[in-house]
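Here is run.txt, consisting of compact mmCIF, C-alpha atoms (C1' of nucleotides):
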```txt
# COMPACT_ATOMS: atom_id res chain seq x y z
CA MET U 1 -23.26 -8.60 -40.55
CA ARG U 2 -20.85 -5.94 -39.57
CA THR U 3 -17.36 -5.06 -40.71
CA ARG U 4 -14.45 -3.71 -38.71
CA SER U 5 -13.90 -0.01 -39.07
CA GLY U 6 -10.21 -0.68 -39.65
CA GLN U 7 -9.38 2.24 -37.45
CA LYS U 8 -9.57 0.52 -34.11
CA GLU U 9 -6.60 -1.78 -34.51
CA GLN U 10 -4.39 1.17 -35.32
CA ASN U 11 -5.82 3.16 -32.40
CA ILE U 12 -5.04 0.29 -30.04
CA TRP U 13 -1.54 -0.06 -31.51
CA GLN U 14 -0.83 3.61 -30.94
CA ALA U 15 -2.38 3.71 -27.49
CA ALA U 16 -0.29 0.68 -26.55
CA VAL U 17 2.89 2.44 -27.69
CA ARG U 18 2.06 5.40 -25.47
CA GLU U 19 1.16 3.19 -22.53
CA PHE U 20 4.24 0.96 -22.86
CA ALA U 21 6.44 4.04 -23.18
CA ARG U 22 4.98 5.76 -20.15
CA HIS U 23 4.72 2.84 -17.77
CA GLY U 24 6.91 0.09 -19.21
CA TYR U 25 5.53 -3.20 -20.42
CA HIS U 26 4.87 -4.77 -17.04
CA GLN U 27 3.18 -1.78 -15.45
CA ALA U 28 1.13 -1.12 -18.56
CA LYS U 29 -2.56 -1.88 -18.12
CA ILE U 30 -4.75 -3.28 -20.86
CA SER U 31 -7.62 -1.24 -19.45
CA ARG U 32 -5.64 2.00 -19.92
CA ILE U 33 -4.63 1.01 -23.44
CA ALA U 34 -8.29 0.41 -24.24
CA GLU U 35 -9.24 3.73 -22.72
CA GLY U 36 -6.53 5.50 -24.71
CA ALA U 37 -7.80 3.88 -27.89
CA GLY U 38 -11.42 4.73 -27.12
CA VAL U 39 -12.58 1.10 -26.98
CA ALA U 40 -13.65 -1.32 -24.27
CA THR U 41 -11.10 -3.44 -22.45
CA GLY U 42 -12.25 -6.62 -24.11
CA SER U 43 -11.92 -5.17 -27.59
CA VAL U 44 -8.15 -5.22 -27.31
CA TYR U 45 -8.44 -9.02 -27.42
CA LEU U 46 -10.37 -8.89 -30.68
CA TYR U 47 -7.32 -7.49 -32.41
CA PHE U 48 -4.43 -8.93 -30.39
CA LYS U 49 -4.11 -12.35 -28.79
CA ASN U 50 -2.82 -10.95 -25.52
CA LYS U 51 -0.65 -8.26 -23.98
CA LYS U 52 2.63 -9.94 -24.91
CA GLN U 53 1.65 -10.34 -28.54
CA LEU U 54 0.68 -6.68 -28.66
CA LEU U 55 4.21 -5.68 -27.69
CA GLU U 56 5.72 -8.17 -30.11
CA LYS U 57 3.62 -6.79 -32.92
CA ILE U 58 4.83 -3.26 -32.23
CA LEU U 59 8.47 -4.26 -32.20
CA ALA U 60 8.13 -6.47 -35.26
CA ASP U 61 6.49 -3.61 -37.18
CA VAL U 62 9.34 -1.26 -36.33
CA TRP U 63 12.07 -3.65 -37.39
CA GLN U 64 10.21 -4.61 -40.52
CA ASN U 65 9.94 -0.98 -41.59
CA LEU U 66 13.57 -0.30 -40.83
CA ALA U 67 14.83 -3.44 -42.53
CA GLN U 68 12.79 -2.61 -45.61
CA GLU U 69 14.15 0.91 -45.94
CA MET U 70 17.67 -0.26 -45.22
CA GLU U 71 17.39 -2.89 -47.90
CA ALA U 72 16.67 -0.15 -50.43
CA LEU U 73 19.55 1.94 -49.15
CA VAL U 74 22.09 -0.86 -49.19
CA THR U 75 21.38 -1.85 -52.78
CA ARG U 76 21.90 1.65 -54.14
CA LYS U 77 24.79 1.87 -56.61
CA ASP U 78 25.33 5.61 -56.32
CA LEU U 79 26.55 5.54 -52.71
CA ASN U 80 29.77 4.23 -51.25
CA ALA U 81 29.89 2.27 -48.00
CA VAL U 82 30.53 5.29 -45.79
CA GLU U 83 27.62 7.16 -47.30
CA LYS U 84 25.42 4.13 -46.78
CA LEU U 85 26.45 3.91 -43.14
CA GLU U 86 25.58 7.55 -42.67
CA GLY U 87 22.28 6.89 -44.39
CA MET U 88 21.60 4.06 -41.94
CA VAL U 89 22.18 6.36 -39.00
CA ASP U 90 19.77 8.84 -40.57
CA LEU U 91 17.16 6.15 -41.18
CA VAL U 92 17.16 5.04 -37.57
CA ILE U 93 17.06 8.58 -36.26
CA ASP U 94 14.33 9.64 -38.70
CA MET U 95 12.16 6.69 -37.74
CA PHE U 96 11.85 8.00 -34.23
CA THR U 97 11.82 11.71 -34.91
CA ASP U 98 8.05 11.92 -34.97
CA ASN U 99 7.44 9.39 -32.25
CA PRO U 100 9.43 9.62 -29.02
CA SER U 101 7.11 7.10 -27.38
CA LEU U 102 7.96 4.52 -30.00
CA ALA U 103 11.64 5.18 -29.44
CA ILE U 104 11.28 4.54 -25.73
CA VAL U 105 9.39 1.32 -26.28
CA VAL U 106 11.88 -0.06 -28.78
CA VAL U 107 14.86 0.85 -26.62
CA ASN U 108 13.43 -0.30 -23.31
CA GLU U 109 11.47 -3.36 -24.24
CA HIS U 110 13.71 -4.77 -26.91
CA SER U 111 15.05 -7.49 -24.62
CA GLN U 112 11.58 -8.43 -23.34
CA THR U 113 10.79 -10.65 -26.26
CA ARG U 114 12.91 -13.75 -26.17
CA ILE U 115 11.52 -14.95 -29.48
CA ALA U 116 13.60 -14.68 -32.63
CA GLN U 117 12.96 -11.45 -34.46
CA PRO U 118 13.66 -12.09 -38.14
CA TYR U 119 13.46 -8.46 -39.19
CA TYR U 120 15.78 -7.36 -36.43
CA GLU U 121 18.28 -9.98 -37.56
CA ARG U 122 17.94 -8.74 -41.12
CA PHE U 123 18.55 -5.20 -39.92
CA LEU U 124 21.79 -6.25 -38.20
CA ALA U 125 22.91 -8.33 -41.17
CA LEU U 126 22.54 -5.35 -43.49
CA GLY U 127 24.74 -3.31 -41.17
CA ARG U 128 27.45 -5.94 -41.26
CA GLN U 129 27.12 -6.18 -45.01
CA VAL U 130 27.82 -2.48 -45.52
CA LEU U 131 30.86 -2.65 -43.26
CA GLU U 132 32.20 -5.57 -45.29
CA GLU U 133 31.56 -3.71 -48.51
CA GLY U 134 33.51 -0.78 -47.12
CA ILE U 135 36.43 -2.98 -46.22
CA ALA U 136 36.38 -4.66 -49.63
CA THR U 137 36.49 -1.31 -51.42
CA GLY U 138 39.34 -0.06 -49.26
CA LEU U 139 37.33 2.70 -47.60
CA LEU U 140 37.23 1.08 -44.18
CA ASN U 141 39.93 -0.29 -41.94
CA PRO U 142 40.47 -3.95 -42.87
CA HIS U 143 41.18 -4.84 -39.24
CA LEU U 144 37.60 -4.06 -38.20
CA GLN U 145 35.64 -6.89 -36.60
CA VAL U 146 32.40 -6.24 -38.41
CA ASP U 147 30.16 -8.05 -35.93
CA VAL U 148 31.53 -6.21 -32.89
CA THR U 149 31.72 -2.90 -34.70
CA SER U 150 28.15 -2.99 -35.98
CA GLN U 151 26.81 -3.91 -32.55
CA PHE U 152 28.86 -1.18 -30.90
CA ILE U 153 27.41 1.42 -33.23
CA PHE U 154 23.92 0.03 -32.76
CA GLY U 155 24.25 0.12 -28.97
CA GLY U 156 25.58 3.66 -28.98
CA VAL U 157 22.86 4.98 -31.25
CA ARG U 158 20.16 3.16 -29.32
CA HIS U 159 21.33 4.67 -26.06
CA LEU U 160 21.47 8.18 -27.49
CA ILE U 161 17.98 7.87 -28.93
CA HIS U 162 16.77 6.82 -25.52
CA LEU U 163 18.34 9.92 -23.98
CA TRP U 164 16.75 12.08 -26.65
CA ALA U 165 13.34 10.57 -26.00
CA GLN U 166 13.66 11.45 -22.33
CA SER U 167 15.23 14.90 -22.72
CA PRO U 168 14.92 16.20 -26.27
CA ARG U 169 16.40 19.55 -25.22
CA GLN U 170 19.56 18.11 -23.75
CA TYR U 171 20.16 15.64 -26.57
CA PRO U 172 18.74 17.11 -29.79
CA LEU U 173 18.61 14.64 -32.64
CA ASN U 174 20.64 16.81 -34.97
CA LYS U 175 23.46 17.02 -32.49
CA ILE U 176 23.32 13.25 -32.06
CA ARG U 177 23.24 12.72 -35.80
CA ARG U 178 26.27 14.89 -36.47
CA GLU U 179 28.29 13.55 -33.57
CA VAL U 180 27.69 9.90 -34.31
CA LYS U 181 28.80 10.33 -37.91
CA LEU U 182 31.95 12.15 -36.85
CA LEU U 183 32.82 9.59 -34.21
CA LEU U 184 32.20 6.75 -36.58
CA LYS U 185 34.48 8.05 -39.23
CA ARG U 186 37.27 9.55 -37.22
CA GLY U 187 37.07 8.38 -33.62
CA ILE U 188 37.96 10.77 -30.86
CA LEU U 189 41.59 11.61 -31.55
CA THR U 190 42.77 14.91 -32.90
CA GLU U 191 42.61 14.92 -36.69
CA VAL U 192 45.78 13.73 -38.31
CA GLN U 193 46.81 16.17 -41.02
CA MET I 1 20.14 -12.85 21.95
CA ARG I 2 21.26 -13.88 18.58
CA THR I 3 23.40 -12.23 15.93
CA ARG I 4 23.10 -12.37 12.17
CA SER I 5 25.49 -14.71 10.47
CA GLY I 6 26.37 -11.93 8.05
CA GLN I 7 26.36 -14.48 5.27
CA LYS I 8 22.65 -14.45 4.54
CA GLU I 9 22.41 -10.92 3.19
CA GLN I 10 25.14 -11.62 0.68
CA ASN I 11 23.52 -14.93 -0.27
CA ILE I 12 20.24 -13.17 -0.92
CA TRP I 13 21.99 -10.43 -2.90
CA GLN I 14 23.68 -13.01 -5.12
CA ALA I 15 20.58 -15.14 -5.53
CA ALA I 16 18.64 -12.04 -6.51
CA VAL I 17 21.20 -11.19 -9.19
CA ARG I 18 20.83 -14.66 -10.67
CA GLU I 19 17.05 -14.51 -10.50
CA PHE I 20 16.81 -11.01 -11.99
CA ALA I 21 19.22 -11.99 -14.75
CA ARG I 22 17.37 -15.18 -15.65
CA HIS I 23 13.80 -13.92 -15.46
CA GLY I 24 13.97 -10.14 -15.51
CA TYR I 25 12.86 -8.01 -12.60
CA HIS I 26 9.12 -8.34 -13.08
CA GLN I 27 9.07 -12.10 -13.59
CA ALA I 28 11.51 -12.66 -10.75
CA LYS I 29 9.93 -14.32 -7.69
CA ILE I 30 10.91 -13.54 -4.13
CA SER I 31 10.24 -17.16 -3.26
CA ARG I 32 12.81 -18.33 -5.84
CA ILE I 33 15.35 -15.80 -4.63
CA ALA I 34 14.87 -17.10 -1.09
CA GLU I 35 15.23 -20.67 -2.28
CA GLY I 36 18.40 -19.80 -4.18
CA ALA I 37 19.82 -18.16 -1.08
CA GLY I 38 18.84 -21.08 1.16
CA VAL I 39 16.53 -19.05 3.38
CA ALA I 40 12.78 -18.77 3.90
CA THR I 41 10.72 -16.39 1.80
CA GLY I 42 10.10 -14.06 4.72
CA SER I 43 13.78 -13.75 5.50
CA VAL I 44 14.36 -11.72 2.38
CA TYR I 45 12.34 -8.98 4.09
CA LEU I 46 14.64 -9.00 7.11
CA TYR I 47 17.47 -7.75 4.94
CA PHE I 48 15.69 -5.78 2.22
CA LYS I 49 12.62 -3.58 2.48
CA ASN I 50 10.99 -5.03 -0.62
CA LYS I 51 11.65 -6.38 -4.08
CA LYS I 52 12.25 -2.99 -5.63
CA GLN I 53 14.77 -1.95 -3.01
CA LEU I 54 16.61 -5.21 -3.56
CA LEU I 55 17.12 -4.32 -7.22
CA GLU I 56 18.08 -0.77 -6.37
CA LYS I 57 20.65 -1.99 -3.88
CA ILE I 58 22.25 -4.22 -6.48
CA LEU I 59 22.48 -1.44 -9.06
CA ALA I 60 23.70 1.09 -6.52
CA ASP I 61 26.44 -1.29 -5.36
CA VAL I 62 27.65 -1.76 -8.90
CA TRP I 63 27.80 1.94 -9.72
CA GLN I 64 29.38 2.75 -6.40
CA ASN I 65 32.18 0.27 -7.01
CA LEU I 66 32.74 1.49 -10.54
CA ALA I 67 32.67 5.16 -9.60
CA GLN I 68 35.14 4.52 -6.81
CA GLU I 69 37.65 2.75 -9.03
CA MET I 70 37.20 5.32 -11.77
CA GLU I 71 37.85 8.10 -9.32
CA ALA I 72 41.23 6.56 -8.55
CA LEU I 73 41.98 6.12 -12.24
CA VAL I 74 41.04 9.64 -13.23
CA THR I 75 43.24 11.28 -10.63
CA ARG I 76 46.35 9.41 -11.66
CA LYS I 77 49.09 11.74 -12.89
CA ASP I 78 51.06 9.13 -14.84
CA LEU I 79 48.38 8.55 -17.49
CA ASN I 80 47.18 10.78 -20.28
CA ALA I 81 43.52 11.15 -21.20
CA VAL I 82 43.54 8.44 -23.84
CA GLU I 83 45.15 5.97 -21.48
CA LYS I 84 42.57 6.86 -18.85
CA LEU I 85 39.74 6.26 -21.31
CA GLU I 86 41.17 2.88 -22.16
CA GLY I 87 41.46 2.19 -18.45
CA MET I 88 37.80 3.04 -18.03
CA VAL I 89 36.80 0.59 -20.71
CA ASP I 90 38.91 -2.04 -18.93
CA LEU I 91 37.32 -1.23 -15.58
CA VAL I 92 33.81 -1.71 -16.88
CA ILE I 93 34.68 -4.90 -18.69
CA ASP I 94 36.61 -6.31 -15.73
CA MET I 95 33.73 -5.63 -13.36
CA PHE I 96 31.55 -8.06 -15.24
CA THR I 97 34.13 -10.63 -16.26
CA ASP I 98 33.40 -12.93 -13.34
CA ASN I 99 29.69 -12.30 -13.21
CA PRO I 100 27.67 -12.48 -16.42
CA SER I 101 24.45 -12.46 -14.42
CA LEU I 102 25.35 -9.14 -12.90
CA ALA I 103 26.08 -7.78 -16.36
CA ILE I 104 22.67 -8.80 -17.60
CA VAL I 105 20.92 -7.23 -14.63
CA VAL I 106 22.75 -3.94 -14.94
CA VAL I 107 22.16 -3.72 -18.66
CA ASN I 108 18.54 -4.83 -18.67
CA GLU I 109 17.19 -3.27 -15.51
CA HIS I 110 19.08 -0.03 -15.58
CA SER I 111 16.06 1.97 -16.66
CA GLN I 112 13.72 0.29 -14.16
CA THR I 113 14.69 2.53 -11.31
CA ARG I 114 13.45 6.02 -11.94
CA ILE I 115 15.12 7.31 -8.78
CA ALA I 116 18.26 9.37 -9.06
CA GLN I 117 21.35 7.24 -8.96
CA PRO I 118 24.12 9.44 -7.55
CA TYR I 119 26.93 6.97 -8.23
CA TYR I 120 25.81 6.44 -11.80
CA GLU I 121 25.82 10.20 -12.30
CA ARG I 122 29.29 10.34 -10.82
CA PHE I 123 30.41 7.60 -13.18
CA LEU I 124 29.15 9.55 -16.19
CA ALA I 125 30.65 12.80 -14.94
CA LEU I 126 34.06 11.19 -14.65
CA GLY I 127 33.81 10.03 -18.23
CA ARG I 128 33.04 13.53 -19.43
CA GLN I 129 35.86 14.89 -17.31
CA VAL I 130 38.45 12.68 -18.97
CA LEU I 131 37.21 13.66 -22.42
CA GLU I 132 37.53 17.33 -21.48
CA GLU I 133 41.01 16.75 -20.13
CA GLY I 134 41.93 15.10 -23.41
CA ILE I 135 40.65 18.06 -25.40
CA ALA I 136 42.46 20.53 -23.15
CA THR I 137 45.76 18.71 -23.59
CA GLY I 138 45.34 18.57 -27.36
CA LEU I 139 45.07 14.79 -27.53
CA LEU I 140 41.42 14.72 -28.49
CA ASN I 141 39.44 16.43 -31.20
CA PRO I 142 38.29 19.82 -29.86
CA HIS I 143 35.04 19.55 -31.81
CA LEU I 144 33.84 16.62 -29.70
CA GLN I 145 30.56 17.08 -27.87
CA VAL I 146 31.66 15.46 -24.64
CA ASP I 147 28.16 14.67 -23.36
CA VAL I 148 27.04 12.96 -26.55
CA THR I 149 30.37 11.24 -27.05
CA SER I 150 30.56 9.80 -23.55
CA GLN I 151 27.00 8.52 -23.76
CA PHE I 152 27.63 7.00 -27.17
CA ILE I 153 30.61 5.08 -25.85
CA PHE I 154 28.70 4.05 -22.76
CA GLY I 155 25.79 2.77 -24.84
CA GLY I 156 28.04 0.86 -27.20
CA VAL I 157 29.98 -0.81 -24.41
CA ARG I 158 26.80 -1.61 -22.50
CA HIS I 159 25.29 -3.30 -25.51
CA LEU I 160 28.41 -5.35 -26.23
CA ILE I 161 28.61 -6.52 -22.63
CA HIS I 162 25.03 -7.63 -22.88
CA LEU I 163 25.83 -9.64 -25.98
CA TRP I 164 28.81 -11.19 -24.25
CA ALA I 165 26.70 -12.15 -21.24
CA GLN I 166 24.30 -13.98 -23.54
CA SER I 167 26.86 -15.55 -25.90
CA PRO I 168 30.37 -15.44 -24.45
CA ARG I 169 31.70 -17.53 -27.34
CA GLN I 170 30.42 -15.23 -30.06
CA TYR I 171 31.48 -12.01 -28.32
CA PRO I 172 34.56 -12.75 -26.19
CA LEU I 173 35.45 -9.92 -23.85
CA ASN I 174 38.98 -9.59 -25.17
CA LYS I 175 37.73 -9.10 -28.69
CA ILE I 176 35.28 -6.49 -27.41
CA ARG I 177 37.97 -4.77 -25.39
CA ARG I 178 40.37 -4.51 -28.31
CA GLU I 179 37.76 -3.45 -30.81
CA VAL I 180 36.22 -0.75 -28.64
CA LYS I 181 39.60 0.84 -28.01
CA LEU I 182 40.45 0.84 -31.70
CA LEU I 183 37.12 2.29 -32.73
CA LEU I 184 37.31 4.94 -30.06
CA LYS I 185 40.67 6.17 -31.14
CA ARG I 186 40.50 5.87 -34.88
CA GLY I 187 36.92 5.33 -35.97
CA ILE I 188 36.21 3.01 -38.85
CA LEU I 189 38.04 4.64 -41.75
CA THR I 190 41.20 3.27 -43.26
CA GLU I 191 44.22 4.51 -41.35
CA VAL I 192 45.63 7.74 -42.66
CA GLN I 193 49.36 7.39 -43.15
C1' DC X 1 21.79 -23.27 32.56
C1' DC X 2 18.30 -20.26 31.41
C1' DA X 3 16.04 -16.36 30.11
C1' DA X 4 15.66 -12.89 26.61
C1' DG X 5 15.35 -11.18 22.55
C1' DA X 6 16.64 -11.24 17.92
C1' DC X 7 16.49 -14.33 14.12
C1' DC X 8 14.03 -17.12 11.09
C1' DT X 9 10.08 -19.60 9.01
C1' DG X 10 6.44 -20.35 5.43
C1' DA X 11 1.47 -20.58 5.13
C1' DA X 12 -2.11 -17.15 4.81
C1' DT X 13 -3.55 -12.74 3.16
C1' DG X 14 -4.65 -9.25 0.03
C1' DA X 15 -4.14 -6.61 -3.95
C1' DA X 16 -3.61 -6.10 -8.61
C1' DT X 17 -5.03 -6.96 -13.26
C1' DA X 18 -4.93 -10.09 -17.54
C1' DT X 19 -8.33 -12.50 -19.65
C1' DT X 20 -12.99 -14.25 -20.39
C1' DC X 21 -17.71 -14.34 -21.91
C1' DA X 22 -22.72 -13.57 -21.63
C1' DG X 23 -25.16 -10.02 -23.15
C1' DT X 24 -25.79 -5.85 -26.27
C1' DT X 25 -25.24 -3.17 -30.41
C1' DT X 26 -24.84 -2.34 -35.20
C1' DA X 27 -23.77 -2.74 -40.28
C1' DG X 28 -25.14 -4.83 -44.18
C1' DA X 29 -27.82 -8.53 -46.96
C1' DC X 30 -32.17 -9.45 -48.74
C1' DG Q 1 -38.04 -3.23 -42.60
C1' DT Q 2 -36.23 -7.39 -40.68
C1' DC Q 3 -32.85 -10.56 -39.76
C1' DT Q 4 -28.22 -12.21 -38.98
C1' DA Q 5 -23.76 -12.53 -37.63
C1' DA Q 6 -19.93 -10.22 -36.36
C1' DA Q 7 -18.26 -6.45 -33.56
C1' DC Q 8 -18.20 -4.69 -29.27
C1' DT Q 9 -18.81 -4.13 -24.17
C1' DG Q 10 -17.23 -4.20 -19.30
C1' DA Q 11 -18.25 -6.60 -15.01
C1' DA Q 12 -16.87 -10.95 -13.16
C1' DT Q 13 -13.40 -14.47 -12.88
C1' DA Q 14 -9.15 -16.50 -11.99
C1' DT Q 15 -4.42 -16.31 -11.20
C1' DT Q 16 -0.31 -14.83 -9.58
C1' DC Q 17 2.79 -13.39 -6.17
C1' DA Q 18 4.59 -9.64 -2.92
C1' DT Q 19 4.22 -8.97 1.63
C1' DT Q 20 2.85 -10.02 6.40
C1' DC Q 21 2.93 -12.05 10.89
C1' DA Q 22 2.03 -15.50 14.46
C1' DG Q 23 4.63 -18.85 16.07
C1' DG Q 24 8.93 -21.37 16.39
C1' DT Q 25 14.26 -21.54 16.92
C1' DC Q 26 18.68 -20.28 17.94
C1' DT Q 27 22.72 -17.62 20.38
C1' DT Q 28 24.56 -15.23 23.88
C1' DG Q 29 25.17 -12.74 28.30
C1' DG Q 30 24.80 -13.37 32.99
```

As structure tokens:
Amino acid sequence: MRTRSGQKEQNIWQAAVREFARHGYHQAKISRIAEGAGVATGSVYLYFKNKKQLLEKILADVWQNLAQEMEALVTRKDLNAVEKLEGMVDLVIDMFTDNPSLAIVVVNEHSQTRIAQPYYERFLALGRQVLEEGIATGLLNPHLQVDVTSQFIFGGVRHLIHLWAQSPRQYPLNKIRREVKLLLKRGILTEVQ
Amino acid sequence: MRTRSGQKEQNIWQAAVREFARHGYHQAKISRIAEGAGVATGSVYLYFKNKKQLLEKILADVWQNLAQEMEALVTRKDLNAVEKLEGMVDLVIDMFTDNPSLAIVVVNEHSQTRIAQPYYERFLALGRQVLEEGIATGLLNPHLQVDVTSQFIFGGVRHLIHLWAQSPRQYPLNKIRREVKLLLKRGILTEVQ
DNA sequence: CCAAGACCTGAATGAATATTCAGTTTAGAC
DNA sequence: GTCTAAACTGAATATTCATTCAGGTCTTGG
């Protein structure tokens, strides 16, 4: 008999992220992914059912990781809602810091998969939950529409991460991080004294 | 001789928007676009060089229209910077009100075209310009990073429009419109008295 | 009317590449 | 050392359309 090295699946996963990021899902070639992973074309199909499932696996992994970390953040008792929101922004930004390719794939291919993504839903629900907690504790404006607000923030952050992935110099993550937090809390108007 | 009806190009343009919106650029079929426009497959190539150029034309048309209307808005003397920003949000939302398919195409396929999009650049530049005007007149927070801020707003609005296009009931445009303006101006914190 | 020439058609072509699978290699059991 | 079964290979297959183009069809000027 023979056992899988355990390394190949991860190599393919990573090579696929690079390939999807560089060429986009539809222009990505299985043969190039295999080459990038140092395996034969057919071996990709030993670990993933097909090209589509490979993309879905990547996205699902990302949302699962994020949802898991957010879950821990949201249940902390030592942070108020605003601090949790800032922590969420940090979590998302940190996730991509070491992997611009992954950022590009998540941002660009997110709408490719029409299937329900449970972990992505969980991620969004946790965002709404923190906003509601903030309203309940009087920290946040009670007139906020939590669903629209959370999606607006998500869309803004997603777009900025995409820009960073394409031009890290022009949109450094720390600048993005700081600015998003400021905008969130205070909006654009001159500070009221 | 024979002259073009002038109707066919527009029919193809509209059919392509529907097809791109429903199936995404890469799954879209020229044959279905032709069918939707009531012409033969080959006729698409009388009006557009190829599939890619058809998408580019659609996106360019959208950004050209928006940039043009924004240009008029930005040069108005009777509005201050905040009113202009609100007007810009209205412009973007109004553009898609009658055409959810177009909204989906613009949002989903925006990153498909790697070519420079002059009108899109113009659109972004006008946004930055209004923010700078607002800072100069003391209306807006002088610590704003105008490039990051304008992109954040753009990303948030883009995402919300996408959600509306997919579930108009859950994310009605008027709710989006109101919420975005509030968030922009005041952020999420409880109003300071 | 009747060329003339542009418009229009849609089946055929060709290219691209996801997926398969018959054959080869190798790790581990005995 | 030998055998076995799973892992692995990569050329061949099969499919899917974008694009072409040879042949028809209209519209208009004279």

Practice prompt. Output the contact residues of chain I with respect to chain U at a cut-off of 8 Å, based on only C-alpha atoms, as a PyMOL selection string.
Written response: chain I and resi 26+108+111+138-142+144-145+148-149+151-160+171+176+179-180+183-192

Discussion item. Residues of chain U were defined as contacting chain X if any atom lay at most 7 Å from it, counting only C-alpha atoms (C1' of nucleotides); please report them as a PyMOL selection string.
Written reply: chain U and resi 1-3

Show me a table, sorted first by chain and then by increasing residue number, of the residues of chain Q having an atom at most 12 Å from chain U, each with its shortest atom pair and the distance in Å to one decimal, counting all atoms listed in the file and written as JSON lines.
```
{"residue": "Q:DC3", "atom": "C1'", "partner": "U:Met1", "partner_atom": "CA", "distance": 9.8}
{"residue": "Q:DT4", "atom": "C1'", "partner": "U:Met1", "partner_atom": "CA", "distance": 6.3}
{"residue": "Q:DA5", "atom": "C1'", "partner": "U:Met1", "partner_atom": "CA", "distance": 4.9}
{"residue": "Q:DA6", "atom": "C1'", "partner": "U:Arg2", "partner_atom": "CA", "distance": 5.4}
{"residue": "Q:DA7", "atom": "C1'", "partner": "U:Arg2", "partner_atom": "CA", "distance": 6.6}
{"residue": "Q:DC8", "atom": "C1'", "partner": "U:Ser43", "partner_atom": "CA", "distance": 6.5}
{"residue": "Q:DT9", "atom": "C1'", "partner": "U:Ala40", "partner_atom": "CA", "distance": 5.9}
{"residue": "Q:DG10", "atom": "C1'", "partner": "U:Ala40", "partner_atom": "CA", "distance": 6.8}
{"residue": "Q:DA11", "atom": "C1'", "partner": "U:Thr41", "partner_atom": "CA", "distance": 10.8}
```

Worksheet item: What is the distance between CA of Gln117 (chain U) and CA of Ile104 (chain I), in Å to one decimal?
Response: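 One can read the CA of Gln117 (chain U) to CA of Ile104 (chain I) distance as 19.6 Å.
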
Fill in: For CA of Thr97 (chain I) and CA of Glu69 (chain I), the interatomic separation in Å (one decimal)
15.6 Å

Practice prompt. May I have the residues within 12 Å of Ala67 (chain U) as a PyMOL selection string, using all atoms listed in the file and disregarding those fewer than 2 positions away in the same chain?
Written response: chain U and resi 60-65+69-74+88+91-92+95+117-127
